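Asker: First the structure, which I've put down as structure tokens, then a few questions once you've had a look.
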Amino acid sequence: MLRYMRGLGIAAFLAMPFVSVAAVAENPAAVDAIFNARHLDLVNKGSNVLYKFDHQVSDEKLLGQGFSDDIKVNVTDVTAEGARVLDVTVFTGDRQRPIQNYDGLSINPVFVWFLDKSVENLRVVAGGKQPYLKGRIRDAFVDRAKIEPVKFNYAGKEVEGFKVTMVPFENDPNKHKMQGYEKSAFSFTFSKDVPGYFYELDSNIFSSQAGTASMKDRVVLVEATP
């Protein structure tokens, strides 16, 4: 995950001065609204944020079984600078991965994990090298992403936020090598008014070629306690 953070330029991003979230919300560009915002300011020490992850596949023989599981973020401390110290637990039971510990984050690591998983999913079905795929997704946030205001329901209330959608490889110079997967799409729904910033993350990896497999991943915010 940390390698992917560096690959996306997030390490440099974390060192950048932040504009306020309010300023981003007034006149947002996709890259600013996501990467120039503090994602974790609404979760404090002792908070637990729960996400539901859903993985769907069209062909279990090729891609394994689909499943649903939980992702949990626990805030164990807050630094003097306001950054969060986190424990992140991805999945439960036999699928559970080792708990990851992060010091001094302002960006939501679930968002970074989702990007990393999306790249791996795409690599599995379309081929290509991870650094190239990551780079094209990184660039898409800058010049190929669409952002629009949205409203959604969370915790029994209507929330105003934004949705970023992008098709990073649609006009890629190497799309002819992608076995029809160049129109795979990604979307990110978020608001400064929900804990952890992101409400929903979606990837739809599919091919226009006959006989190919597809997969969809979705992460949605369930709740934050206390």
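In the structure tokens, the first chain shown is A, the next is B, and so on; residue numbers restart at 1 for each chain, and ligands run from 1 in the order shown.
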Using DSSP on the backbone, list every residue of region 46-204 of chain A that comes out as alpha helix (DSSP H), and give them as a PyMOL selection string.
Answerer: chain A and resi 60-63+109-126+130-143
Asker: Put those residues in a file: N, CA and C atoms, as an mmCIF file, in the first residue's frame.
Answerer:
data_model
loop_
_atom_site.group_PDB
_atom_site.id
_atom_site.type_symbol
_atom_site.label_atom_id
_atom_site.label_comp_id
_atom_site.auth_asym_id
_atom_site.auth_seq_id
_atom_site.Cartn_x
_atom_site.Cartn_y
_atom_site.Cartn_z
ATOM 1 N N GLU A 60 -16.736 -17.324 -12.066
ATOM 2 C CA GLU A 60 -15.995 -17.754 -10.879
ATOM 3 C C GLU A 60 -14.882 -18.741 -11.222
ATOM 4 N N LYS A 61 -15.004 -19.464 -12.337
ATOM 5 C CA LYS A 61 -13.938 -20.390 -12.719
ATOM 6 C C LYS A 61 -12.670 -19.637 -13.103
ATOM 7 N N LEU A 62 -12.839 -18.459 -13.702
ATOM 8 C CA LEU A 62 -11.687 -17.671 -14.116
ATOM 9 C C LEU A 62 -11.170 -16.750 -13.014
ATOM 10 N N LEU A 63 -12.078 -16.209 -12.222
ATOM 11 C CA LEU A 63 -11.711 -15.124 -11.311
ATOM 12 C C LEU A 63 -11.916 -15.447 -9.838
ATOM 13 N N PRO A 109 -6.674 5.700 4.091
ATOM 14 C CA PRO A 109 -5.953 4.568 3.489
ATOM 15 C C PRO A 109 -6.870 3.575 2.790
ATOM 16 N N VAL A 110 -8.157 3.573 3.090
ATOM 17 C CA VAL A 110 -9.079 2.676 2.388
ATOM 18 C C VAL A 110 -9.191 3.097 0.919
ATOM 19 N N PHE A 111 -9.178 4.386 0.677
ATOM 20 C CA PHE A 111 -9.169 4.897 -0.699
ATOM 21 C C PHE A 111 -7.926 4.410 -1.443
ATOM 22 N N VAL A 112 -6.782 4.486 -0.806
ATOM 23 C CA VAL A 112 -5.534 4.048 -1.439
ATOM 24 C C VAL A 112 -5.556 2.544 -1.672
ATOM 25 N N TRP A 113 -6.046 1.793 -0.682
ATOM 26 C CA TRP A 113 -6.158 0.338 -0.846
ATOM 27 C C TRP A 113 -7.065 -0.004 -2.023
ATOM 28 N N PHE A 114 -8.171 0.717 -2.160
ATOM 29 C CA PHE A 114 -9.103 0.453 -3.247
ATOM 30 C C PHE A 114 -8.452 0.718 -4.602
ATOM 31 N N LEU A 115 -7.698 1.791 -4.720
ATOM 32 C CA LEU A 115 -6.985 2.063 -5.965
ATOM 33 C C LEU A 115 -6.001 0.938 -6.283
ATOM 34 N N ASP A 116 -5.292 0.498 -5.274
ATOM 35 C CA ASP A 116 -4.307 -0.559 -5.470
ATOM 36 C C ASP A 116 -4.983 -1.844 -5.936
ATOM 37 N N LYS A 117 -6.093 -2.183 -5.306
ATOM 38 C CA LYS A 117 -6.817 -3.395 -5.692
ATOM 39 C C LYS A 117 -7.383 -3.266 -7.109
ATOM 40 N N SER A 118 -7.856 -2.091 -7.462
ATOM 41 C CA SER A 118 -8.396 -1.880 -8.805
ATOM 42 C C SER A 118 -7.324 -2.086 -9.860
ATOM 43 N N VAL A 119 -6.127 -1.587 -9.594
ATOM 44 C CA VAL A 119 -5.019 -1.779 -10.526
ATOM 45 C C VAL A 119 -4.690 -3.264 -10.673
ATOM 46 N N GLU A 120 -4.665 -3.980 -9.564
ATOM 47 C CA GLU A 120 -4.356 -5.403 -9.621
ATOM 48 C C GLU A 120 -5.446 -6.168 -10.379
ATOM 49 N N ASN A 121 -6.697 -5.828 -10.137
ATOM 50 C CA ASN A 121 -7.788 -6.467 -10.878
ATOM 51 C C ASN A 121 -7.631 -6.250 -12.383
ATOM 52 N N LEU A 122 -7.322 -5.025 -12.749
ATOM 53 C CA LEU A 122 -7.163 -4.697 -14.163
ATOM 54 C C LEU A 122 -5.972 -5.440 -14.765
ATOM 55 N N ARG A 123 -4.894 -5.513 -14.019
ATOM 56 C CA ARG A 123 -3.704 -6.214 -14.512
ATOM 57 C C ARG A 123 -4.001 -7.690 -14.764
ATOM 58 N N VAL A 124 -4.787 -8.298 -13.880
ATOM 59 C CA VAL A 124 -5.092 -9.719 -13.997
ATOM 60 C C VAL A 124 -5.846 -10.014 -15.291
ATOM 61 N N VAL A 125 -6.821 -9.192 -15.641
ATOM 62 C CA VAL A 125 -7.656 -9.506 -16.803
ATOM 63 C C VAL A 125 -7.159 -8.857 -18.094
ATOM 64 N N ALA A 126 -6.538 -7.687 -17.997
ATOM 65 C CA ALA A 126 -6.155 -6.951 -19.209
ATOM 66 C C ALA A 126 -4.675 -7.046 -19.517
ATOM 67 N N GLN A 130 2.046 -3.031 -13.666
ATOM 68 C CA GLN A 130 1.422 -2.218 -12.629
ATOM 69 C C GLN A 130 1.860 -0.760 -12.662
ATOM 70 N N PRO A 131 3.159 -0.457 -12.795
ATOM 71 C CA PRO A 131 3.544 0.967 -12.792
ATOM 72 C C PRO A 131 2.867 1.773 -13.900
ATOM 73 N N TYR A 132 2.706 1.161 -15.061
ATOM 74 C CA TYR A 132 2.044 1.866 -16.159
ATOM 75 C C TYR A 132 0.570 2.097 -15.840
ATOM 76 N N LEU A 133 -0.113 1.052 -15.365
ATOM 77 C CA LEU A 133 -1.529 1.177 -15.044
ATOM 78 C C LEU A 133 -1.749 2.215 -13.943
ATOM 79 N N LYS A 134 -0.918 2.180 -12.919
ATOM 80 C CA LYS A 134 -1.032 3.154 -11.830
ATOM 81 C C LYS A 134 -0.821 4.571 -12.337
ATOM 82 N N GLY A 135 0.178 4.713 -13.201
ATOM 83 C CA GLY A 135 0.481 6.040 -13.724
ATOM 84 C C GLY A 135 -0.661 6.619 -14.529
ATOM 85 N N ARG A 136 -1.322 5.767 -15.322
ATOM 86 C CA ARG A 136 -2.429 6.254 -16.132
ATOM 87 C C ARG A 136 -3.633 6.626 -15.263
ATOM 88 N N ILE A 137 -3.869 5.872 -14.204
ATOM 89 C CA ILE A 137 -4.948 6.229 -13.282
ATOM 90 C C ILE A 137 -4.607 7.518 -12.556
ATOM 91 N N ARG A 138 -3.362 7.658 -12.133
ATOM 92 C CA ARG A 138 -2.918 8.904 -11.487
ATOM 93 C C ARG A 138 -3.155 10.089 -12.413
ATOM 94 N N ASP A 139 -2.763 9.957 -13.662
ATOM 95 C CA ASP A 139 -2.930 11.060 -14.612
ATOM 96 C C ASP A 139 -4.405 11.357 -14.879
ATOM 97 N N ALA A 140 -5.239 10.335 -14.820
ATOM 98 C CA ALA A 140 -6.664 10.534 -15.109
ATOM 99 C C ALA A 140 -7.321 11.454 -14.088
ATOM 100 N N PHE A 141 -6.871 11.408 -12.842
ATOM 101 C CA PHE A 141 -7.416 12.322 -11.838
ATOM 102 C C PHE A 141 -7.161 13.778 -12.232
ATOM 103 N N VAL A 142 -6.098 14.010 -12.962
ATOM 104 C CA VAL A 142 -5.727 15.373 -13.334
ATOM 105 C C VAL A 142 -6.461 15.841 -14.573
ATOM 106 N N ASP A 143 -6.518 14.994 -15.613
ATOM 107 C CA ASP A 143 -7.001 15.510 -16.898
ATOM 108 C C ASP A 143 -8.094 14.690 -17.577
#
Asker: Would you kindly return, as a VMD selection string, each protein, DNA or RNA residue with an atom no farther than 12 Å from any atom of His176 (chain A), considering only C-alpha atoms and excluding same-chain residues fewer than 4 positions away?
Answerer: chain A and resid 126 to 128 169 to 172 180 to 183 207 to 209
Asker: With a distance cut-off of 6 Å and only C-alpha atoms, select the neighbouring residues of region 48-57 of chain A, excluding the residue or stretch itself and same-chain residues fewer than 4 positions from it, and output the selection as a list in words.
Answerer: Gly66, Phe67, Ser68, Asp69, Asp70, Ile71, Lys72, Val73, Asn74, Ser214, Met215, Lys216, Asp217, Arg218, Val219, Val220, Leu221, Val222, Glu223, Ala224 and Thr225 of chain A
Asker: Please write the residues from the selection above to a file, keeping N, CA and C atoms, as a compact mmCIF listing (two decimals), in the first residue's frame.
Answerer:
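Heads up, here's the output in result21.txt:
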# COMPACT_ATOMS: atom_id res chain seq x y z
N GLY A 66 -17.02 -14.49 -5.90
CA GLY A 66 -17.34 -13.19 -5.37
C GLY A 66 -17.60 -13.29 -3.87
N PHE A 67 -17.54 -12.17 -3.18
CA PHE A 67 -17.78 -12.19 -1.74
C PHE A 67 -18.05 -10.77 -1.24
N SER A 68 -18.57 -10.70 -0.02
CA SER A 68 -18.72 -9.44 0.70
C SER A 68 -18.02 -9.57 2.04
N ASP A 69 -17.42 -8.48 2.51
CA ASP A 69 -16.71 -8.52 3.78
C ASP A 69 -16.56 -7.10 4.32
N ASP A 70 -15.94 -7.00 5.48
CA ASP A 70 -15.81 -5.71 6.16
C ASP A 70 -14.38 -5.19 6.08
N ILE A 71 -14.27 -3.87 6.09
CA ILE A 71 -12.99 -3.18 6.27
C ILE A 71 -13.17 -2.22 7.44
N LYS A 72 -12.26 -2.25 8.39
CA LYS A 72 -12.40 -1.42 9.59
C LYS A 72 -11.18 -0.53 9.76
N VAL A 73 -11.44 0.71 10.11
CA VAL A 73 -10.38 1.67 10.40
C VAL A 73 -10.56 2.14 11.84
N ASN A 74 -9.54 1.95 12.65
CA ASN A 74 -9.56 2.37 14.04
C ASN A 74 -8.55 3.50 14.25
N SER A 214 -15.64 -10.23 -16.34
CA SER A 214 -15.73 -8.90 -15.77
C SER A 214 -15.80 -8.99 -14.26
N MET A 215 -15.51 -7.88 -13.60
CA MET A 215 -15.63 -7.84 -12.15
C MET A 215 -15.98 -6.43 -11.70
N LYS A 216 -16.72 -6.37 -10.60
CA LYS A 216 -17.09 -5.10 -9.99
C LYS A 216 -16.71 -5.13 -8.52
N ASP A 217 -16.10 -4.05 -8.07
CA ASP A 217 -15.80 -3.87 -6.66
C ASP A 217 -16.51 -2.63 -6.15
N ARG A 218 -16.98 -2.71 -4.92
CA ARG A 218 -17.67 -1.58 -4.31
C ARG A 218 -17.29 -1.52 -2.83
N VAL A 219 -16.94 -0.34 -2.37
CA VAL A 219 -16.75 -0.07 -0.95
C VAL A 219 -17.75 1.01 -0.56
N VAL A 220 -18.51 0.76 0.50
CA VAL A 220 -19.47 1.77 0.94
C VAL A 220 -19.33 1.96 2.45
N LEU A 221 -19.43 3.20 2.87
CA LEU A 221 -19.36 3.54 4.30
C LEU A 221 -20.61 3.06 5.00
N VAL A 222 -20.43 2.30 6.09
CA VAL A 222 -21.56 1.79 6.86
C VAL A 222 -21.84 2.68 8.07
N GLU A 223 -20.81 2.89 8.89
CA GLU A 223 -21.00 3.71 10.08
C GLU A 223 -19.66 4.09 10.68
N ALA A 224 -19.70 5.08 11.53
CA ALA A 224 -18.53 5.47 12.32
C ALA A 224 -18.96 5.60 13.76
N THR A 225 -18.20 4.99 14.67
CA THR A 225 -18.52 5.06 16.11
C THR A 225 -17.26 5.42 16.88
Asker: Could you check the closest approach to Thr189 (chain A) for each of A:Asn153, A:Asn174, A:Gln96, A:Thr76 and tell me which residue wins, using only C-alpha atoms?
Answerer: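 For Thr189 (chain A), the nearest of the given residues is A:Asn153.
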Asker: Closest to Val159 (chain A) among A:Ala145, A:Lys175, A:Tyr197, A:Asp103, using only C-alpha atoms?
Answerer: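 With only C-alpha atoms as the atom set, the closest residue is A:Tyr197.
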Asker: Have a look at CA of Ala80 (chain A) and CA of Ala30 (chain A) and let me know their distance in Å, one decimal.
Answerer: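 That distance, rounded to one decimal, is 29.1 Å.
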Asker: Go through A:Tyr199, A:Asn204, A:Ser187, A:Gln179 and flag the residue nearest Ile147 (chain A), using only C-alpha atoms for the distances.
Answerer: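 Once distances to Ile147 (chain A) are computed over only C-alpha atoms, the minimum belongs to A:Ser187.
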Asker: Extract, using only C-alpha atoms, all DNA, RNA and protein residues at most 10 Å from Gln100 (chain A), discarding same-chain residues fewer than 3 positions from it, and format them as a list in words.
Answerer: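 What passes the distance filter is Met1, Val73, Leu86, Asp87, Val88, Thr89, Val90, Arg97 and Pro109 of chain A.
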Asker: Just the selected residues (N, CA and C atoms), exported as a compact mmCIF listing (two decimals), in the first residue's frame, please.
Answerer:
# COMPACT_ATOMS: atom_id res chain seq x y z
N MET A 1 0.82 -1.19 0.00
CA MET A 1 0.00 0.00 0.00
C MET A 1 0.86 1.26 0.00
N VAL A 73 -11.44 0.71 10.11
CA VAL A 73 -10.38 1.67 10.40
C VAL A 73 -10.56 2.14 11.84
N LEU A 86 -3.49 5.17 12.72
CA LEU A 86 -4.57 4.25 12.37
C LEU A 86 -4.16 2.79 12.41
N ASP A 87 -5.11 1.94 12.75
CA ASP A 87 -5.03 0.50 12.49
C ASP A 87 -6.11 0.17 11.47
N VAL A 88 -5.71 -0.50 10.40
CA VAL A 88 -6.65 -0.84 9.33
C VAL A 88 -6.74 -2.35 9.21
N THR A 89 -7.96 -2.87 9.34
CA THR A 89 -8.20 -4.31 9.22
C THR A 89 -9.02 -4.58 7.97
N VAL A 90 -8.41 -5.26 7.02
CA VAL A 90 -9.06 -5.58 5.76
C VAL A 90 -9.59 -7.01 5.82
N ARG A 97 -6.53 -9.97 6.38
CA ARG A 97 -5.13 -9.70 6.11
C ARG A 97 -4.48 -9.13 7.36
N PRO A 109 -6.67 5.70 4.09
CA PRO A 109 -5.95 4.57 3.49
C PRO A 109 -6.87 3.57 2.79
